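Raw coords_36.cif, mmCIF, C-alpha atoms:
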```
data_protein
loop_
_atom_site.group_PDB
_atom_site.id
_atom_site.type_symbol
_atom_site.label_atom_id
_atom_site.label_comp_id
_atom_site.auth_asym_id
_atom_site.auth_seq_id
_atom_site.Cartn_x
_atom_site.Cartn_y
_atom_site.Cartn_z
ATOM 1 C CA MET M 1 39.424 46.739 88.396
ATOM 2 C CA LYS M 2 40.940 46.989 91.825
ATOM 3 C CA ALA M 3 43.545 45.070 93.733
ATOM 4 C CA LYS M 4 43.125 44.737 97.455
ATOM 5 C CA VAL M 5 46.391 43.819 99.105
ATOM 6 C CA HIS M 6 46.842 42.720 102.709
ATOM 7 C CA VAL M 7 50.372 42.846 104.044
ATOM 8 C CA THR M 8 50.895 41.011 107.322
ATOM 9 C CA LEU M 9 53.858 40.058 109.472
ATOM 10 C CA LYS M 10 55.005 36.469 109.010
ATOM 11 C CA PRO M 11 54.128 34.076 111.810
ATOM 12 C CA GLY M 12 56.895 34.124 114.399
ATOM 13 C CA VAL M 13 57.964 37.712 113.690
ATOM 14 C CA LEU M 14 57.383 39.746 116.851
ATOM 15 C CA ASP M 15 54.718 42.422 116.513
ATOM 16 C CA PRO M 16 55.091 44.878 119.405
ATOM 17 C CA GLN M 17 52.417 47.152 117.914
ATOM 18 C CA GLY M 18 49.886 44.314 117.783
ATOM 19 C CA LYS M 19 50.783 43.436 121.357
ATOM 20 C CA ALA M 20 50.228 47.024 122.498
ATOM 21 C CA VAL M 21 46.838 47.073 120.731
ATOM 22 C CA ALA M 22 45.900 43.801 122.471
ATOM 23 C CA HIS M 23 46.807 45.334 125.852
ATOM 24 C CA ALA M 24 44.705 48.406 125.062
ATOM 25 C CA LEU M 25 41.717 46.240 124.111
ATOM 26 C CA ASP M 26 42.118 44.373 127.368
ATOM 27 C CA ALA M 27 42.253 47.691 129.273
ATOM 28 C CA LEU M 28 38.972 48.674 127.574
ATOM 29 C CA GLY M 29 37.368 45.565 128.996
ATOM 30 C CA PHE M 30 37.265 43.424 125.848
ATOM 31 C CA SER M 31 37.993 40.030 127.320
ATOM 32 C CA GLY M 32 38.900 36.940 125.338
ATOM 33 C CA VAL M 33 41.296 38.692 122.943
ATOM 34 C CA HIS M 34 44.012 36.074 122.536
ATOM 35 C CA GLY M 35 46.243 38.117 120.273
ATOM 36 C CA VAL M 36 46.412 40.962 117.762
ATOM 37 C CA ARG M 37 48.587 41.111 114.663
ATOM 38 C CA GLN M 38 48.718 44.461 112.902
ATOM 39 C CA GLY M 39 49.240 44.787 109.160
ATOM 40 C CA LYS M 40 48.555 47.035 106.177
ATOM 41 C CA PHE M 41 45.744 47.200 103.675
ATOM 42 C CA ILE M 42 46.571 48.708 100.277
ATOM 43 C CA GLU M 43 43.977 49.322 97.561
ATOM 44 C CA ILE M 44 45.242 49.807 94.013
ATOM 45 C CA ASP M 45 43.160 51.129 91.117
ATOM 46 C CA LEU M 46 44.170 49.268 87.964
ATOM 47 C CA GLY M 47 43.499 49.904 84.304
ATOM 48 C CA ASP M 48 43.942 46.192 83.600
ATOM 49 C CA GLN M 49 41.213 44.231 81.772
ATOM 50 C CA ASP M 50 42.524 40.735 82.432
ATOM 51 C CA PRO M 51 42.321 39.561 86.073
ATOM 52 C CA GLY M 52 45.100 37.004 85.573
ATOM 53 C CA GLY M 53 47.455 39.650 84.218
ATOM 54 C CA ALA M 54 46.506 42.018 87.021
ATOM 55 C CA GLN M 55 47.202 39.323 89.597
ATOM 56 C CA ALA M 56 50.683 38.754 88.179
ATOM 57 C CA ARG M 57 51.439 42.462 88.029
ATOM 58 C CA VAL M 58 50.298 43.133 91.595
ATOM 59 C CA ASP M 59 52.283 40.116 92.742
ATOM 60 C CA ALA M 60 55.400 41.739 91.235
ATOM 61 C CA MET M 61 54.485 45.045 92.961
ATOM 62 C CA CYS M 62 54.260 43.226 96.292
ATOM 63 C CA ARG M 63 57.588 41.488 95.857
ATOM 64 C CA GLN M 64 59.419 44.620 94.709
ATOM 65 C CA LEU M 65 57.910 47.249 96.969
ATOM 66 C CA LEU M 66 54.658 46.772 98.842
ATOM 67 C CA ALA M 67 55.871 43.996 101.150
ATOM 68 C CA ASN M 68 59.264 43.247 102.636
ATOM 69 C CA THR M 69 59.279 39.482 102.243
ATOM 70 C CA VAL M 70 61.973 39.087 104.905
ATOM 71 C CA ILE M 71 59.299 39.723 107.532
ATOM 72 C CA GLU M 72 55.987 40.118 105.704
ATOM 73 C CA ASP M 73 53.495 37.950 103.804
ATOM 74 C CA TYR M 74 50.944 39.360 101.396
ATOM 75 C CA ALA M 75 47.584 38.340 99.980
ATOM 76 C CA ILE M 76 46.082 39.774 96.789
ATOM 77 C CA ASP M 77 42.410 40.015 95.938
ATOM 78 C CA ILE M 78 41.508 41.247 92.438
ATOM 79 C CA VAL M 79 37.985 42.688 92.264
ATOM 80 C CA ASP M 80 35.935 44.408 89.556
ATOM 81 C CA MET Y 1 89.251 61.346 98.764
ATOM 82 C CA HIS Y 2 86.146 62.052 96.670
ATOM 83 C CA ALA Y 3 83.131 61.385 98.860
ATOM 84 C CA ALA Y 4 79.450 61.917 98.164
ATOM 85 C CA VAL Y 5 76.507 62.223 100.537
ATOM 86 C CA ILE Y 6 73.082 61.203 99.235
ATOM 87 C CA VAL Y 7 70.245 63.621 99.982
ATOM 88 C CA PHE Y 8 66.616 62.440 99.937
ATOM 89 C CA PRO Y 9 63.577 64.539 100.729
ATOM 90 C CA GLY Y 10 63.500 64.058 104.509
ATOM 91 C CA SER Y 11 67.217 63.390 105.060
ATOM 92 C CA ASN Y 12 68.314 65.319 108.129
ATOM 93 C CA CYS Y 13 71.856 64.156 108.898
ATOM 94 C CA ASP Y 14 73.312 64.914 105.460
ATOM 95 C CA ARG Y 15 74.939 68.166 106.554
ATOM 96 C CA ASP Y 16 76.318 66.666 109.779
ATOM 97 C CA VAL Y 17 77.954 63.944 107.687
ATOM 98 C CA ALA Y 18 79.307 66.570 105.288
ATOM 99 C CA VAL Y 19 80.892 68.483 108.191
ATOM 100 C CA ALA Y 20 82.439 65.305 109.644
ATOM 101 C CA LEU Y 21 83.816 64.297 106.226
ATOM 102 C CA THR Y 22 85.179 67.777 105.567
ATOM 103 C CA GLN Y 23 86.897 67.826 108.970
ATOM 104 C CA ALA Y 24 88.419 64.381 108.451
ATOM 105 C CA THR Y 25 89.422 64.725 104.811
ATOM 106 C CA GLY Y 26 89.877 68.473 104.301
ATOM 107 C CA ARG Y 27 87.528 68.311 101.358
ATOM 108 C CA ALA Y 28 83.800 68.934 101.207
ATOM 109 C CA PRO Y 29 81.825 65.980 99.836
ATOM 110 C CA LEU Y 30 79.553 66.134 96.828
ATOM 111 C CA MET Y 31 75.897 66.337 97.869
ATOM 112 C CA LEU Y 32 73.852 64.094 95.563
ATOM 113 C CA TRP Y 33 70.099 64.714 95.260
ATOM 114 C CA HIS Y 34 67.877 61.617 95.065
ATOM 115 C CA ARG Y 35 66.951 62.192 91.404
ATOM 116 C CA GLU Y 36 70.577 62.273 90.286
ATOM 117 C CA THR Y 37 71.535 59.682 87.689
ATOM 118 C CA GLU Y 38 74.867 61.058 86.556
ATOM 119 C CA VAL Y 39 77.424 60.438 89.225
ATOM 120 C CA PRO Y 40 81.150 61.211 88.853
ATOM 121 C CA PRO Y 41 83.861 58.750 89.986
ATOM 122 C CA LEU Y 42 83.767 58.470 93.785
ATOM 123 C CA ASP Y 43 85.822 56.860 96.560
ATOM 124 C CA LEU Y 44 83.056 56.777 99.142
ATOM 125 C CA ILE Y 45 79.267 57.143 99.283
ATOM 126 C CA VAL Y 46 77.403 57.928 102.500
ATOM 127 C CA VAL Y 47 73.654 57.360 102.810
ATOM 128 C CA PRO Y 48 72.777 59.563 105.796
ATOM 129 C CA GLY Y 49 70.134 59.461 108.500
ATOM 130 C CA GLY Y 50 66.743 61.099 108.518
ATOM 131 C CA PHE Y 51 63.250 60.175 107.411
ATOM 132 C CA SER Y 52 63.553 59.761 103.652
ATOM 133 C CA TYR Y 53 60.156 60.160 101.977
ATOM 134 C CA GLY Y 54 58.616 60.528 105.425
ATOM 135 C CA ASP Y 55 59.260 56.825 106.188
ATOM 136 C CA TYR Y 56 56.141 56.123 104.097
ATOM 137 C CA LEU Y 57 55.283 52.440 103.550
ATOM 138 C CA ARG Y 58 58.367 51.247 105.523
ATOM 139 C CA ALA Y 59 61.473 53.132 106.654
ATOM 140 C CA GLY Y 60 63.818 53.315 103.668
ATOM 141 C CA ALA Y 61 61.501 51.448 101.282
ATOM 142 C CA LEU Y 62 60.801 54.292 98.868
ATOM 143 C CA ALA Y 63 64.333 55.699 98.968
ATOM 144 C CA ALA Y 64 65.651 52.235 98.074
ATOM 145 C CA HIS Y 65 64.008 52.572 94.654
ATOM 146 C CA SER Y 66 65.092 56.151 93.923
ATOM 147 C CA PRO Y 67 67.232 56.870 90.833
ATOM 148 C CA VAL Y 68 70.377 57.718 92.808
ATOM 149 C CA VAL Y 69 70.245 54.453 94.766
ATOM 150 C CA ARG Y 70 70.384 52.487 91.508
ATOM 151 C CA GLU Y 71 73.695 54.261 90.933
ATOM 152 C CA VAL Y 72 74.819 53.619 94.525
ATOM 153 C CA LYS Y 73 74.142 49.900 93.967
ATOM 154 C CA ALA Y 74 76.151 49.887 90.762
ATOM 155 C CA ARG Y 75 79.111 51.591 92.461
ATOM 156 C CA ALA Y 76 78.952 49.266 95.466
ATOM 157 C CA ALA Y 77 79.066 46.307 93.079
ATOM 158 C CA LYS Y 78 82.355 47.717 91.767
ATOM 159 C CA GLY Y 79 83.716 47.876 95.320
ATOM 160 C CA VAL Y 80 83.175 51.555 96.140
ATOM 161 C CA PRO Y 81 82.668 51.713 99.937
ATOM 162 C CA VAL Y 82 79.128 52.663 100.973
ATOM 163 C CA LEU Y 83 78.268 53.715 104.523
ATOM 164 C CA GLY Y 84 74.600 53.769 105.542
ATOM 165 C CA ILE Y 85 73.832 55.480 108.837
ATOM 166 C CA CYS Y 86 70.477 55.072 110.614
ATOM 167 C CA ASN Y 87 67.899 55.717 107.861
ATOM 168 C CA GLY Y 88 70.790 55.001 105.475
ATOM 169 C CA PHE Y 89 71.097 51.514 107.001
ATOM 170 C CA GLN Y 90 67.346 51.017 106.499
ATOM 171 C CA VAL Y 91 67.705 52.119 102.857
ATOM 172 C CA LEU Y 92 70.592 49.685 102.213
ATOM 173 C CA CYS Y 93 68.549 46.800 103.670
ATOM 174 C CA GLU Y 94 65.456 47.721 101.655
ATOM 175 C CA ALA Y 95 67.623 48.009 98.536
ATOM 176 C CA GLY Y 96 68.881 44.466 99.110
ATOM 177 C CA MET Y 97 72.481 45.644 99.543
ATOM 178 C CA LEU Y 98 72.506 44.272 103.085
ATOM 179 C CA PRO Y 99 70.464 41.348 104.438
ATOM 180 C CA GLY Y 100 67.642 41.653 106.954
ATOM 181 C CA VAL Y 101 65.382 44.518 107.885
ATOM 182 C CA LEU Y 102 65.049 47.168 110.597
ATOM 183 C CA MET Y 103 61.745 46.863 112.393
ATOM 184 C CA ARG Y 104 59.927 49.085 114.885
ATOM 185 C CA ASN Y 105 61.834 49.301 118.188
ATOM 186 C CA ALA Y 106 60.698 46.514 120.499
ATOM 187 C CA GLY Y 107 59.744 49.090 123.166
ATOM 188 C CA LEU Y 108 57.676 51.061 120.619
ATOM 189 C CA ARG Y 109 59.466 54.272 121.590
ATOM 190 C CA PHE Y 110 61.734 56.557 119.641
ATOM 191 C CA VAL Y 111 65.095 56.074 121.351
ATOM 192 C CA CYS Y 112 67.504 59.018 121.420
ATOM 193 C CA LYS Y 113 70.566 58.571 123.625
ATOM 194 C CA ASP Y 114 74.253 57.767 123.676
ATOM 195 C CA VAL Y 115 75.049 54.054 123.613
ATOM 196 C CA TRP Y 116 78.139 51.911 124.011
ATOM 197 C CA LEU Y 117 79.176 49.803 121.052
ATOM 198 C CA ARG Y 118 81.620 46.931 120.820
ATOM 199 C CA VAL Y 119 83.674 46.871 117.643
ATOM 200 C CA GLU Y 120 83.332 43.267 116.484
ATOM 201 C CA ASN Y 121 85.244 43.624 113.231
ATOM 202 C CA ALA Y 122 88.077 46.127 112.993
ATOM 203 C CA ALA Y 123 89.183 44.920 109.561
ATOM 204 C CA THR Y 124 86.658 46.833 107.413
ATOM 205 C CA PRO Y 125 87.779 50.069 105.728
ATOM 206 C CA PHE Y 126 85.365 51.869 108.076
ATOM 207 C CA THR Y 127 86.645 50.411 111.334
ATOM 208 C CA ARG Y 128 90.375 49.963 110.816
ATOM 209 C CA GLY Y 129 91.071 52.824 113.225
ATOM 210 C CA TYR Y 130 89.568 50.809 116.095
ATOM 211 C CA ARG Y 131 90.874 47.749 117.880
ATOM 212 C CA SER Y 132 88.806 44.592 117.674
ATOM 213 C CA GLY Y 133 86.727 44.440 120.865
ATOM 214 C CA GLN Y 134 87.145 48.170 121.544
ATOM 215 C CA VAL Y 135 84.173 49.806 123.253
ATOM 216 C CA VAL Y 136 83.136 53.169 121.783
ATOM 217 C CA ARG Y 137 80.354 55.651 122.443
ATOM 218 C CA MET Y 138 77.993 57.115 119.840
ATOM 219 C CA PRO Y 139 74.425 58.433 119.834
ATOM 220 C CA ILE Y 140 71.422 56.633 118.450
ATOM 221 C CA ALA Y 141 68.156 58.355 117.463
ATOM 222 C CA HIS Y 142 65.603 56.089 115.818
ATOM 223 C CA ASN Y 143 62.163 54.551 115.860
ATOM 224 C CA ASP Y 144 62.981 51.549 113.653
ATOM 225 C CA GLY Y 145 66.326 50.116 114.691
ATOM 226 C CA ASN Y 146 65.285 46.627 115.674
ATOM 227 C CA TYR Y 147 67.460 44.532 113.354
ATOM 228 C CA TYR Y 148 65.783 41.334 112.216
ATOM 229 C CA ALA Y 149 66.944 38.502 109.989
ATOM 230 C CA ASP Y 150 66.220 34.781 110.062
ATOM 231 C CA ALA Y 151 68.493 32.519 112.109
ATOM 232 C CA THR Y 152 70.316 31.191 109.020
ATOM 233 C CA THR Y 153 71.194 34.726 107.922
ATOM 234 C CA LEU Y 154 72.274 35.704 111.441
ATOM 235 C CA ASP Y 155 74.517 32.617 111.712
ATOM 236 C CA LYS Y 156 76.021 33.451 108.328
ATOM 237 C CA LEU Y 157 76.687 37.078 109.361
ATOM 238 C CA GLU Y 158 78.240 35.846 112.581
ATOM 239 C CA GLY Y 159 80.346 33.177 110.870
ATOM 240 C CA GLU Y 160 81.668 35.573 108.259
ATOM 241 C CA GLY Y 161 82.541 38.319 110.745
ATOM 242 C CA ARG Y 162 79.992 40.629 109.200
ATOM 243 C CA ILE Y 163 78.538 41.843 112.482
ATOM 244 C CA VAL Y 164 80.628 44.991 112.839
ATOM 245 C CA PHE Y 165 79.073 46.709 115.887
ATOM 246 C CA ARG Y 166 77.025 45.369 118.808
ATOM 247 C CA TYR Y 167 75.255 47.317 121.547
ATOM 248 C CA CYS Y 168 77.017 46.681 124.860
ATOM 249 C CA HIS Y 169 77.663 47.979 128.368
ATOM 250 C CA ALA Y 170 80.605 50.289 129.119
ATOM 251 C CA ASP Y 171 82.696 47.217 129.961
ATOM 252 C CA GLY Y 172 81.857 45.553 126.642
ATOM 253 C CA ARG Y 173 79.318 43.043 127.920
ATOM 254 C CA VAL Y 174 76.522 42.338 125.432
ATOM 255 C CA ASP Y 175 73.130 41.450 126.917
ATOM 256 C CA ASP Y 176 69.460 42.389 126.649
ATOM 257 C CA ALA Y 177 69.856 45.250 129.136
ATOM 258 C CA ALA Y 178 72.363 46.924 126.800
ATOM 259 C CA ASN Y 179 70.110 46.457 123.769
ATOM 260 C CA PRO Y 180 68.116 49.663 123.149
ATOM 261 C CA ASN Y 181 65.718 48.413 120.463
ATOM 262 C CA GLY Y 182 65.388 44.631 120.555
ATOM 263 C CA ALA Y 183 67.821 44.047 117.675
ATOM 264 C CA GLN Y 184 68.608 40.375 117.115
ATOM 265 C CA ARG Y 185 71.881 39.387 118.799
ATOM 266 C CA GLY Y 186 72.470 43.004 119.817
ATOM 267 C CA ILE Y 187 73.332 43.983 116.263
ATOM 268 C CA ALA Y 188 74.047 47.699 115.728
ATOM 269 C CA GLY Y 189 75.885 47.434 112.409
ATOM 270 C CA ILE Y 190 76.595 44.867 109.684
ATOM 271 C CA ALA Y 191 78.667 44.667 106.520
ATOM 272 C CA ASP Y 192 78.185 42.998 103.162
ATOM 273 C CA GLY Y 193 80.254 39.993 102.087
ATOM 274 C CA ARG Y 194 83.325 41.931 101.044
ATOM 275 C CA GLY Y 195 83.165 44.409 103.917
ATOM 276 C CA SER Y 196 82.808 47.478 101.718
ATOM 277 C CA VAL Y 197 79.129 48.178 102.454
ATOM 278 C CA LEU Y 198 78.414 49.004 106.093
ATOM 279 C CA GLY Y 199 75.046 49.782 107.628
ATOM 280 C CA MET Y 200 74.748 50.974 111.228
ATOM 281 C CA MET Y 201 72.057 52.548 113.401
ATOM 282 C CA PRO Y 202 74.385 54.689 115.592
ATOM 283 C CA HIS Y 203 75.536 58.076 114.320
ATOM 284 C CA PRO Y 204 79.338 58.409 114.025
ATOM 285 C CA GLU Y 205 78.912 61.882 112.517
ATOM 286 C CA ARG Y 206 77.318 63.040 115.768
ATOM 287 C CA ALA Y 207 80.390 61.891 117.688
ATOM 288 C CA ALA Y 208 83.012 63.544 115.514
ATOM 289 C CA ASP Y 209 83.702 66.774 117.383
ATOM 290 C CA ALA Y 210 85.062 67.111 120.930
ATOM 291 C CA SER Y 211 82.722 70.009 121.683
ATOM 292 C CA LEU Y 212 79.669 68.043 120.489
ATOM 293 C CA GLY Y 213 79.495 64.801 122.404
ATOM 294 C CA GLY Y 214 82.772 63.013 121.791
ATOM 295 C CA THR Y 215 85.064 61.919 119.026
ATOM 296 C CA ASP Y 216 84.669 58.134 118.895
ATOM 297 C CA GLY Y 217 82.818 58.441 115.585
ATOM 298 C CA ARG Y 218 85.500 60.571 113.968
ATOM 299 C CA THR Y 219 87.755 57.500 113.933
ATOM 300 C CA MET Y 220 85.530 55.994 111.234
ATOM 301 C CA PHE Y 221 85.973 58.907 108.868
ATOM 302 C CA GLN Y 222 89.720 58.929 109.577
ATOM 303 C CA SER Y 223 89.896 55.179 108.906
ATOM 304 C CA LEU Y 224 88.270 55.730 105.525
ATOM 305 C CA LEU Y 225 90.697 58.504 104.717
ATOM 306 C CA THR Y 226 93.669 56.279 105.575
ATOM 307 C CA VAL Y 227 92.349 53.426 103.457
ATOM 308 C CA LEU Y 228 91.049 55.419 100.505
ATOM 309 C CA ALA Y 229 93.365 58.421 100.247
#
```

Show this structure as structure tokens.
Amino acid sequence: MKAKVHVTLKPGVLDPQGKAVAHALDALGFSGVHGVRQGKFIEIDLGDQDPGGAQARVDAMCRQLLANTVIEDYAIDIVD
Amino acid sequence: MHAAVIVFPGSNCDRDVAVALTQATGRAPLMLWHRETEVPPLDLIVVPGGFSYGDYLRAGALAAHSPVVREVKARAAKGVPVLGICNGFQVLCEAGMLPGVLMRNAGLRFVCKDVWLRVENAATPFTRGYRSGQVVRMPIAHNDGNYYADATTLDKLEGEGRIVFRYCHADGRVDDAANPNGAQRGIAGIADGRGSVLGMMPHPERAADASLGGTDGRTMFQSLLTVLA
């Protein structure tokens, strides 16, 4: 099975990269873009059989390494 | 004084730090590779600048989990002074040895220039050679120096005198115009609760020789020698 992890900046944490991307979209003529927040997508190949166990393990991976919880949130999706 | 300098793949200020330490102490430091787990007794550990592990994932994140940093943590817990410079500061934050995190510079540019710093706490073993409020000059060179912590943490740092350096103007004024990277409250360097772990973005080792851009940084290495010798 696979874990798909999205790491995003917490609300309220400034995201200058997202802002720059929003400006660039505007410069390209894409109107109506009210904001851009940039994050990371991490895909992990797992040998786990039990989705619940995998969820717990990936959660520990996020807390210890994949996300810095001072500024980032994460969301985990376990898929076959 | 027995000092060690940590070397990660991608460190690039390790030898500058070694030269500054040798000049200040008369003794070359031990260079400790990131895989090292057996570390002799030490009086000082320096985590130098650079781009450890290519800054993959987040600056300092992978280095923070390297074998040698486990040992650095254990020594720091026993009170051995640890100085993290630039990428070293990022590593100490990622390792949980200092609070907060260093984010991408607010201006999205790599900033490489000399800056003025106000010494906010001259009572740490690193800064005893300065006067409180003294304005000193050192270079910065970083992409991720934008110090961030939540307001509670910042208030705590402030209240406990753990903000050690702030970016300022030549006359010591701290404002947004003097802030090169968007760091909260102009923070350039902070210490842990007992003052023996210091992380800072500016490079004292690049201001430790009169023929190479000033000597304001040398004072830090001399302070350590006075305290630890």

Find the nearest atom pair between each residue of chain Y and chain M for residues within 8 Å, count all atoms listed in the file, give distances in Å to one decimal, sort rows by chain and ascending number, and present the table as a tab-separated table.
```
residue	atom	partner	partner_atom	distance
Y:Leu57	CA	M:Leu66	CA	7.4
Y:Ala61	CA	M:Leu65	CA	7.0
Y:Leu62	CA	M:Leu65	CA	7.8
Y:Glu94	CA	M:Asn68	CA	7.7
Y:Gly100	CA	M:Val70	CA	6.6
Y:Val101	CA	M:Val70	CA	7.1
Y:Arg104	CA	M:Pro16	CA	7.8
Y:Ala106	CA	M:Pro16	CA	5.9
Y:Gly107	CA	M:Pro16	CA	7.3
Y:Leu108	CA	M:Pro16	CA	6.8
Y:Ala149	CA	M:Val70	CA	7.1
Y:Asp150	CA	M:Val70	CA	7.9
```

### Message
Once the PyMOL selection byres ((chain M and resi 42) around 10) has been evaluated on this model, what residues remain selected, and can you format them as number ranges by chain?
### Response
M: 3-7, 40-41, 43-44, 66, 76

### Option closest in space to Y:Asn179, from Y:Val47, Y:Ala207, Y:Leu117, Y:Val5 [counting only C-alpha atoms]
Y:Leu117

#### Entry: Selection result of the PyMOL selection byres ((chain Y and resi 182) around 10) on this file, as a ChimeraX atom specification
/Y:103-107,145-148,176-181,183-187

Could you write out that same residue set with C-alpha atoms as a PDB file, in the coordinates of the input?
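Contents of result00.pdb, freshly written:
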```pdb
ATOM      1  CA  MET Y 103      61.745  46.863 112.393  1.00  0.00           C
ATOM      2  CA  ARG Y 104      59.927  49.085 114.885  1.00  0.00           C
ATOM      3  CA  ASN Y 105      61.834  49.301 118.188  1.00  0.00           C
ATOM      4  CA  ALA Y 106      60.698  46.514 120.499  1.00  0.00           C
ATOM      5  CA  GLY Y 107      59.744  49.090 123.166  1.00  0.00           C
ATOM      6  CA  GLY Y 145      66.326  50.116 114.691  1.00  0.00           C
ATOM      7  CA  ASN Y 146      65.285  46.627 115.674  1.00  0.00           C
ATOM      8  CA  TYR Y 147      67.460  44.532 113.354  1.00  0.00           C
ATOM      9  CA  TYR Y 148      65.783  41.334 112.216  1.00  0.00           C
ATOM     10  CA  ASP Y 176      69.460  42.389 126.649  1.00  0.00           C
ATOM     11  CA  ALA Y 177      69.856  45.250 129.136  1.00  0.00           C
ATOM     12  CA  ALA Y 178      72.363  46.924 126.800  1.00  0.00           C
ATOM     13  CA  ASN Y 179      70.110  46.457 123.769  1.00  0.00           C
ATOM     14  CA  PRO Y 180      68.116  49.663 123.149  1.00  0.00           C
ATOM     15  CA  ASN Y 181      65.718  48.413 120.463  1.00  0.00           C
ATOM     16  CA  ALA Y 183      67.821  44.047 117.675  1.00  0.00           C
ATOM     17  CA  GLN Y 184      68.608  40.375 117.115  1.00  0.00           C
ATOM     18  CA  ARG Y 185      71.881  39.387 118.799  1.00  0.00           C
ATOM     19  CA  GLY Y 186      72.470  43.004 119.817  1.00  0.00           C
ATOM     20  CA  ILE Y 187      73.332  43.983 116.263  1.00  0.00           C
TER      21      ILE Y 187
END
```

### Selection: 9 Å around Y:Asp216, only C-alpha atoms, excl. self and same-chain fewer than 3 positions, as a PyMOL selection string
chain Y and resi 136-138+204+207-209+219-220

### Task
Quick one: pull the distance between atom CA of Y:Gly217 and atom CA of Y:Pro139, Å, one decimal.
9.4 Å

### Task
Just the residues within 12 Å of Y:Val80, please, counting all atoms listed in the file, with nothing from its chain fewer than 2 positions along; format it as a list in words.
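Listing them by chain and then by number gives Met1, His2, Ala3, Ala4, Pro41, Leu42, Asp43, Leu44, Ile45, Val46, Glu71, Val72, Lys73, Ala74, Arg75, Ala76, Ala77, Lys78, Val82, Leu83, Pro125, Arg194, Gly195, Ser196, Val197, Leu198, Leu224, Val227 and Leu228 of chain Y.
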
### Query
Can you list what the PyMOL selection byres ((chain Y and resi 133) around 7) grabs from this structure, as a VMD selection string?
chain Y and resid 118 to 120 131 to 132 134 to 135

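For Y:Pro48, the set of protein, DNA and RNA residues having any atom at most 8 Å away, when counting only C-alpha atoms and skipping those fewer than 6 positions along the same chain, is Y:Val5, Y:Ile6, Y:Val7, Y:Ser11, Y:Asn12, Y:Cys13, Y:Asp14, Y:Val17, Y:Gly84, Y:Ile85, Y:Cys86, Y:Asn87, Y:Gly88.
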
### Query
Which distance in Å separates atom CA of M:Leu28 and atom CA of Y:Asn143, to one decimal?
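Going from atom CA of M:Leu28 over to atom CA of Y:Asn143 covers 26.6 Å.
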
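Checking Y:Arg27, Y:Arg162, Y:Arg206, Y:Arg109 one by one against Y:Ala123, counting all atoms listed in the file, you find the shortest gap at Y:Arg162.
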
Residues within 9 Å of M:Asp59, please, as a PDB file with C-alpha atoms, keeping the file's coordinate frame. Count only C-alpha atoms; anything in the same chain fewer than 3 positions from it doesn't count.
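Result went into around-v6.pdb, see below:
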```
ATOM      1  CA  ALA M  54      46.506  42.018  87.021  1.00  0.00           C
ATOM      2  CA  GLN M  55      47.202  39.323  89.597  1.00  0.00           C
ATOM      3  CA  ALA M  56      50.683  38.754  88.179  1.00  0.00           C
ATOM      4  CA  CYS M  62      54.260  43.226  96.292  1.00  0.00           C
ATOM      5  CA  ARG M  63      57.588  41.488  95.857  1.00  0.00           C
ATOM      6  CA  GLN M  64      59.419  44.620  94.709  1.00  0.00           C
ATOM      7  CA  TYR M  74      50.944  39.360 101.396  1.00  0.00           C
ATOM      8  CA  ALA M  75      47.584  38.340  99.980  1.00  0.00           C
ATOM      9  CA  ILE M  76      46.082  39.774  96.789  1.00  0.00           C
TER      10      ILE M  76
END
```

### Message
So that I can see what lies close to M:Thr8, please list as JSON, numbers by chain the residues with an atom at most 6 Å from it, counting only C-alpha atoms and leaving out residues fewer than 3 positions away in the same chain.
### Response
{"M": [39, 72, 73]}

### Interatomic distance, atom CA of M:Asp77 to atom CA of M:Leu9 (Å, one decimal)
17.7 Å

### Message
Under the rule that only C-alpha atoms are counted, which of Y:Glu205, Y:Thr153, Y:Val68, Y:Gly161 is the nearest residue to Y:Arg15?
### Response
Y:Glu205
